[in-house]
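Text of run19.pdb (PDB, C-alpha atoms) as supplied:
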```pdb
ATOM      1  CA  MET A  28       4.107 -30.487  74.654  1.00  0.00           C
ATOM      2  CA  SER A  29       0.960 -28.946  73.220  1.00  0.00           C
ATOM      3  CA  SER A  30       0.916 -25.725  71.255  1.00  0.00           C
ATOM      4  CA  LYS A  31      -1.339 -24.185  73.916  1.00  0.00           C
ATOM      5  CA  ASN A  32       1.367 -24.658  76.607  1.00  0.00           C
ATOM      6  CA  LEU A  33       4.086 -23.224  74.301  1.00  0.00           C
ATOM      7  CA  VAL A  34       2.243 -19.973  73.510  1.00  0.00           C
ATOM      8  CA  SER A  35       2.259 -18.697  77.101  1.00  0.00           C
ATOM      9  CA  PRO A  36       6.095 -18.775  77.610  1.00  0.00           C
ATOM     10  CA  ILE A  37       6.645 -17.192  74.196  1.00  0.00           C
ATOM     11  CA  LEU A  38       4.282 -14.324  75.083  1.00  0.00           C
ATOM     12  CA  VAL A  39       6.057 -13.778  78.406  1.00  0.00           C
ATOM     13  CA  VAL A  40       9.475 -13.633  76.727  1.00  0.00           C
ATOM     14  CA  ALA A  41       8.148 -11.276  74.032  1.00  0.00           C
ATOM     15  CA  ALA A  42       6.591  -8.991  76.660  1.00  0.00           C
ATOM     16  CA  VAL A  43       9.845  -8.829  78.626  1.00  0.00           C
ATOM     17  CA  LEU A  44      11.869  -8.100  75.482  1.00  0.00           C
ATOM     18  CA  ILE A  45       9.537  -5.201  74.675  1.00  0.00           C
ATOM     19  CA  ALA A  46       9.229  -3.894  78.251  1.00  0.00           C
ATOM     20  CA  LEU A  47      12.947  -3.757  79.172  1.00  0.00           C
ATOM     21  CA  PRO A  48      14.004  -1.247  76.489  1.00  0.00           C
ATOM     22  CA  LEU A  49      10.958   0.892  77.269  1.00  0.00           C
ATOM     23  CA  PHE A  50      11.837   0.819  80.979  1.00  0.00           C
ATOM     24  CA  TRP A  51      15.412   1.854  80.167  1.00  0.00           C
ATOM     25  CA  LEU A  52      14.317   4.673  77.809  1.00  0.00           C
ATOM     26  CA  ALA A  53      11.824   5.984  80.364  1.00  0.00           C
ATOM     27  CA  GLY A  54      14.562   6.467  82.953  1.00  0.00           C
ATOM     28  CA  GLY A  55      14.030   3.235  84.824  1.00  0.00           C
ATOM     29  CA  ILE A  56      17.747   2.598  85.276  1.00  0.00           C
ATOM     30  CA  ARG A  57      18.160   6.070  86.801  1.00  0.00           C
ATOM     31  CA  TRP A  58      15.207   5.415  89.110  1.00  0.00           C
ATOM     32  CA  LEU A  59      16.716   2.101  90.253  1.00  0.00           C
ATOM     33  CA  ASP A  60      20.121   3.766  90.675  1.00  0.00           C
ATOM     34  CA  THR A  61      18.913   6.656  92.842  1.00  0.00           C
ATOM     35  CA  ARG A  62      15.701   5.545  94.560  1.00  0.00           C
ATOM     36  CA  VAL A  63      15.755   1.776  94.906  1.00  0.00           C
ATOM     37  CA  PHE A  64      19.503   1.144  95.285  1.00  0.00           C
ATOM     38  CA  PRO A  65      21.101   4.512  96.220  1.00  0.00           C
ATOM     39  CA  PRO A  66      24.904   4.700  96.478  1.00  0.00           C
ATOM     40  CA  ARG A  67      26.342   3.863  99.900  1.00  0.00           C
ATOM     41  CA  ARG A  68      28.960   5.988 101.585  1.00  0.00           C
ATOM     42  CA  PRO A  69      32.245   4.096 102.045  1.00  0.00           C
ATOM     43  CA  ARG A  70      33.008   3.481 105.720  1.00  0.00           C
ATOM     44  CA  HIS A  71      36.294   5.375 105.572  1.00  0.00           C
ATOM     45  CA  MET A  72      34.581   8.588 104.419  1.00  0.00           C
ATOM     46  CA  ALA A  73      33.487  11.326 106.825  1.00  0.00           C
ATOM     47  CA  LYS A  74      29.887  11.172 108.015  1.00  0.00           C
ATOM     48  CA  ASN A  75      29.158  14.518 106.332  1.00  0.00           C
ATOM     49  CA  SER A  76      30.087  13.136 102.893  1.00  0.00           C
ATOM     50  CA  VAL A  77      27.783  13.948 100.014  1.00  0.00           C
ATOM     51  CA  TRP A  78      27.121  11.975  96.814  1.00  0.00           C
ATOM     52  CA  ILE A  79      27.803  13.915  93.604  1.00  0.00           C
ATOM     53  CA  ASP A  80      26.234  12.465  90.466  1.00  0.00           C
ATOM     54  CA  ALA A  81      28.534  12.394  87.467  1.00  0.00           C
ATOM     55  CA  PRO A  82      27.239  13.122  83.973  1.00  0.00           C
ATOM     56  CA  ALA A  83      24.973  10.320  82.856  1.00  0.00           C
ATOM     57  CA  LEU A  84      26.165   7.421  80.772  1.00  0.00           C
ATOM     58  CA  PRO A  85      23.803   5.260  78.699  1.00  0.00           C
ATOM     59  CA  ILE A  86      24.151   2.271  81.014  1.00  0.00           C
ATOM     60  CA  SER A  87      25.866   2.853  84.337  1.00  0.00           C
ATOM     61  CA  TRP A  88      25.395   2.062  87.979  1.00  0.00           C
ATOM     62  CA  HIS A  89      26.295   4.631  90.637  1.00  0.00           C
ATOM     63  CA  HIS A  90      28.290   6.847  88.328  1.00  0.00           C
ATOM     64  CA  GLY A  91      29.638   9.632  90.534  1.00  0.00           C
ATOM     65  CA  TRP A  92      31.766  10.490  93.564  1.00  0.00           C
ATOM     66  CA  TRP A  93      31.654  10.871  97.328  1.00  0.00           C
ATOM     67  CA  PHE A  94      33.055  14.138  98.711  1.00  0.00           C
ATOM     68  CA  GLY A  95      33.629  14.522 102.446  1.00  0.00           C
ATOM     69  CA  CYS A  96      35.737  16.529 104.871  1.00  0.00           C
ATOM     70  CA  ASP A  97      36.977  16.405 108.430  1.00  0.00           C
ATOM     71  CA  ILE A  98      39.666  18.259 110.385  1.00  0.00           C
ATOM     72  CA  SER A  99      43.250  17.719 109.183  1.00  0.00           C
ATOM     73  CA  SER A 100      45.820  16.211 111.521  1.00  0.00           C
ATOM     74  CA  SER A 101      47.406  19.661 111.964  1.00  0.00           C
ATOM     75  CA  GLY A 102      44.027  21.126 112.981  1.00  0.00           C
ATOM     76  CA  THR A 103      44.588  24.205 110.806  1.00  0.00           C
ATOM     77  CA  THR A 104      42.583  23.087 107.746  1.00  0.00           C
ATOM     78  CA  ASN A 105      39.869  20.690 106.688  1.00  0.00           C
ATOM     79  CA  TYR A 106      41.060  17.489 105.032  1.00  0.00           C
ATOM     80  CA  CYS A 107      38.721  16.704 102.138  1.00  0.00           C
ATOM     81  CA  ARG A 108      38.606  13.625  99.944  1.00  0.00           C
ATOM     82  CA  LEU A 109      36.883  12.718  96.712  1.00  0.00           C
ATOM     83  CA  VAL A 110      36.389   9.006  96.145  1.00  0.00           C
ATOM     84  CA  GLY A 111      34.641   7.057  93.424  1.00  0.00           C
ATOM     85  CA  ALA A 112      31.574   4.905  93.920  1.00  0.00           C
ATOM     86  CA  ASP A 113      33.941   1.968  94.449  1.00  0.00           C
ATOM     87  CA  GLY A 114      35.664   3.777  97.356  1.00  0.00           C
ATOM     88  CA  LYS A 115      38.962   4.408  95.543  1.00  0.00           C
ATOM     89  CA  GLN A 116      40.460   7.809  96.314  1.00  0.00           C
ATOM     90  CA  ILE A 117      40.565  10.219  93.384  1.00  0.00           C
ATOM     91  CA  ASN A 118      41.694  13.400  95.106  1.00  0.00           C
ATOM     92  CA  ALA A 119      42.527  14.526  98.646  1.00  0.00           C
ATOM     93  CA  GLY A 120      43.985  17.618 100.226  1.00  0.00           C
ATOM     94  CA  GLU A 121      43.770  20.441 102.721  1.00  0.00           C
ATOM     95  CA  TYR A 122      40.847  22.836 102.262  1.00  0.00           C
ATOM     96  CA  LEU A 123      39.555  26.029 103.844  1.00  0.00           C
ATOM     97  CA  PRO A 124      36.141  27.686 103.657  1.00  0.00           C
ATOM     98  CA  CYS A 125      36.049  31.005 101.812  1.00  0.00           C
ATOM     99  CA  GLY A 126      33.820  32.717 104.392  1.00  0.00           C
ATOM    100  CA  ARG A 127      36.306  32.270 107.238  1.00  0.00           C
ATOM    101  CA  GLY A 128      39.990  31.542 107.622  1.00  0.00           C
ATOM    102  CA  SER A 129      39.660  28.565 109.912  1.00  0.00           C
ATOM    103  CA  PRO A 130      38.514  24.973 109.433  1.00  0.00           C
ATOM    104  CA  ILE A 131      34.934  23.891 110.099  1.00  0.00           C
ATOM    105  CA  PRO A 132      34.417  21.006 112.544  1.00  0.00           C
ATOM    106  CA  GLU A 133      33.043  17.885 110.851  1.00  0.00           C
ATOM    107  CA  SER A 134      30.006  17.890 113.154  1.00  0.00           C
ATOM    108  CA  SER A 135      28.853  21.333 111.960  1.00  0.00           C
ATOM    109  CA  MET A 136      29.864  21.094 108.276  1.00  0.00           C
ATOM    110  CA  LEU A 137      26.874  20.610 105.986  1.00  0.00           C
ATOM    111  CA  LEU A 138      28.126  19.679 102.521  1.00  0.00           C
ATOM    112  CA  VAL A 139      25.808  19.738  99.509  1.00  0.00           C
ATOM    113  CA  PRO A 140      26.265  18.612  95.896  1.00  0.00           C
ATOM    114  CA  PRO A 141      27.293  21.305  93.397  1.00  0.00           C
ATOM    115  CA  PRO A 142      24.280  23.353  92.303  1.00  0.00           C
ATOM    116  CA  PRO A 143      22.942  22.791  88.793  1.00  0.00           C
ATOM    117  CA  ARG A 144      24.370  25.206  86.235  1.00  0.00           C
ATOM    118  CA  SER A 145      27.067  26.323  88.662  1.00  0.00           C
ATOM    119  CA  PHE A 146      30.582  27.228  87.579  1.00  0.00           C
ATOM    120  CA  GLY A 147      31.500  23.594  88.096  1.00  0.00           C
ATOM    121  CA  MET A 148      32.906  21.362  90.719  1.00  0.00           C
ATOM    122  CA  TRP A 149      36.511  21.433  89.520  1.00  0.00           C
ATOM    123  CA  LEU A 150      39.210  23.997  90.186  1.00  0.00           C
ATOM    124  CA  ALA A 151      42.201  24.319  87.890  1.00  0.00           C
ATOM    125  CA  ASP A 152      45.134  26.244  89.326  1.00  0.00           C
ATOM    126  CA  ASN A 153      48.873  26.111  88.590  1.00  0.00           C
ATOM    127  CA  ARG A 154      49.622  25.680  92.300  1.00  0.00           C
ATOM    128  CA  LEU A 155      47.657  22.421  92.402  1.00  0.00           C
ATOM    129  CA  SER A 156      49.046  19.158  91.070  1.00  0.00           C
ATOM    130  CA  SER A 157      45.754  18.294  89.349  1.00  0.00           C
ATOM    131  CA  LEU A 158      42.170  19.438  89.002  1.00  0.00           C
ATOM    132  CA  SER A 159      40.708  19.629  92.497  1.00  0.00           C
ATOM    133  CA  PRO A 160      37.065  19.445  93.518  1.00  0.00           C
ATOM    134  CA  ILE A 161      35.353  22.437  95.067  1.00  0.00           C
ATOM    135  CA  GLY A 162      33.305  21.747  98.188  1.00  0.00           C
ATOM    136  CA  TYR A 163      29.880  23.334  98.498  1.00  0.00           C
ATOM    137  CA  LEU A 164      28.301  24.162 101.864  1.00  0.00           C
ATOM    138  CA  SER A 165      24.598  24.484 102.598  1.00  0.00           C
ATOM    139  CA  ASP A 166      25.035  28.101 103.750  1.00  0.00           C
ATOM    140  CA  GLY A 167      26.306  29.135 100.281  1.00  0.00           C
ATOM    141  CA  ASP A 168      30.008  29.152 101.169  1.00  0.00           C
ATOM    142  CA  ILE A 169      32.544  27.030  99.309  1.00  0.00           C
ATOM    143  CA  LEU A 170      35.612  25.041 100.344  1.00  0.00           C
ATOM    144  CA  LEU A 171      38.758  25.544  98.267  1.00  0.00           C
ATOM    145  CA  PRO A 172      42.144  23.858  98.400  1.00  0.00           C
ATOM    146  CA  ALA A 173      44.251  25.802 100.910  1.00  0.00           C
ATOM    147  CA  ALA A 174      46.892  26.482  98.227  1.00  0.00           C
ATOM    148  CA  ALA A 175      44.299  28.350  96.141  1.00  0.00           C
ATOM    149  CA  ILE A 176      42.321  30.052  98.906  1.00  0.00           C
ATOM    150  CA  ASP A 177      43.162  33.453  97.401  1.00  0.00           C
ATOM    151  CA  ARG A 178      40.730  32.610  94.546  1.00  0.00           C
ATOM    152  CA  CYS A 179      37.694  32.838  96.861  1.00  0.00           C
ATOM    153  CA  ARG A 180      36.609  36.293  95.800  1.00  0.00           C
ATOM    154  CA  GLU A 181      36.765  35.391  92.113  1.00  0.00           C
ATOM    155  CA  LEU A 182      34.897  32.100  92.520  1.00  0.00           C
ATOM    156  CA  MET A 183      32.271  33.407  94.943  1.00  0.00           C
ATOM    157  CA  HIS A 184      31.573  36.310  92.554  1.00  0.00           C
ATOM    158  CA  VAL A 185      31.068  33.911  89.628  1.00  0.00           C
ATOM    159  CA  ARG A 186      28.784  31.732  91.735  1.00  0.00           C
ATOM    160  CA  ARG A 187      26.288  34.495  92.625  1.00  0.00           C
TER     161      ARG A 187
END
```
Mind turning the file's structure into structure tokens?
Amino acid sequence: MSSKNLVSPILVVAAVLIALPLFWLAGGIRWLDTRVFPPRRPRHMAKNSVWIDAPALPISWHHGWWFGCDISSSGTTNYCRLVGADGKQINAGEYLPCGRGSPIPESSMLLVPPPPRSFGMWLADNRLSSLSPIGYLSDGDILLPAAAIDRCRELMHVRR
């Protein structure tokens, strides 16, 4: 093999080794993660489910959760679930919107991700077995676990 034929593959490898870290530092992984290969809603999640990005990690793929709600089997509350990107359930329970005392039909519920710099997506309350996610609606209302619905006034006040 001649030295002329060897130079070209070495330059290609060197260019790739230089370009990949620059791509990663410039946010290329994030671009691939959100624009080219966005997360896909698991089939068992409600159609109104929304993707919530988790805090960034140096190298991660679809780091976040799906949050979705439908009507509970009793019909008196919304049943909301939080699942990971892999579809495994993290949290589930009965929820109610703060703005009204009755559940919202899945077809008219417009969930949105938590707003930036909001009071957070997690609710800690002694009546709950663990931290529970807060659901955000496009009209500005929030969904809280039914056991902690009395905290609406406090949480809506903090949010404004």
If the PyMOL selection byres ((chain A and resi 122-129) around 6) is run on the structure shown, which residues does it catch, given as a list of chain:residue names? A:Thr104, A:Asn105, A:Glu121, A:Pro130, A:Ile169, A:Leu170, A:Leu171, A:Pro172, A:Ala173, A:Cys179
Counting all atoms listed in the file, what is within 8 Å of A:Ala73, bar same-chain residues fewer than 6 positions away, as a PyMOL selection string? chain A and resi 95-97+133
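As for atom CA of A:Ala46 and atom CA of A:Arg67, they are spaced 28.7 Å apart.
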Applied to this file, what does the PyMOL selection byres ((chain A and resi 156) around 12) return in terms of residues, put as a PyMOL selection string? chain A and resi 118-120+150-155+157-159+172+174-175
Interatomic distance, atom CA of A:Ile131 to atom CA of A:Asp113 (Å, one decimal):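 If I compute the distance from atom CA of A:Ile131 to atom CA of A:Asp113, I get 27.0 Å.
Atom CA of A:Ser100 is positioned 25.5 Å from atom CA of A:Ile79.
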Considering all atoms listed in the file, return as a ChimeraX atom specification whatever protein or nucleic-acid residues lie within 12 Å of A:Pro142, sequence-local ones (same chain, fewer than 4 positions apart) excluded. /A:79-80,138,146-148,161-165,167,169,186-187
Would you pick out the contacts of A:Gly91 at 8 Å or less, using all atoms listed in the file, so that residues sharing its chain but fewer than 4 positions from it are not included, and give the list as a list in words? Trp78, Ile79, Asp80, Ala81, Pro82, Gly111 and Ala112 of chain A
For those residues, write C-alpha atoms to a file as a short mmCIF file (atom, residue, chain, number, x, y, z; two decimals), in the coordinates of the input.
```cif
data_model
loop_
_atom_site.label_atom_id
_atom_site.label_comp_id
_atom_site.auth_asym_id
_atom_site.auth_seq_id
_atom_site.Cartn_x
_atom_site.Cartn_y
_atom_site.Cartn_z
CA TRP A 78 27.12 11.98 96.81
CA ILE A 79 27.80 13.92 93.60
CA ASP A 80 26.23 12.46 90.47
CA ALA A 81 28.53 12.39 87.47
CA PRO A 82 27.24 13.12 83.97
CA GLY A 111 34.64 7.06 93.42
CA ALA A 112 31.57 4.90 93.92
#
```
Counting only C-alpha atoms, the residue of A:Pro160, A:Asp168, A:Arg178, A:His71 that sits nearest A:Phe94: A:Pro160
Select, from A:Ile117, A:Ser135, A:Val110, A:Ile37, the residue with the minimum atom-to-atom distance to A:Asn75, counting all atoms listed in the file.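 Residue with the minimum atom-to-atom distance to A:Asn75: A:Ser135.
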With distances taken over all atoms listed in the file, the candidate from A:Leu109, A:Ala41, A:Met183, A:Pro143 nearest A:Ser76 is A:Leu109
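With all atoms listed in the file as the atoms that count, the residue of A:Pro140, A:Pro36, A:Gly114, A:Pro132 with the shortest distance to A:Met72 is A:Gly114.
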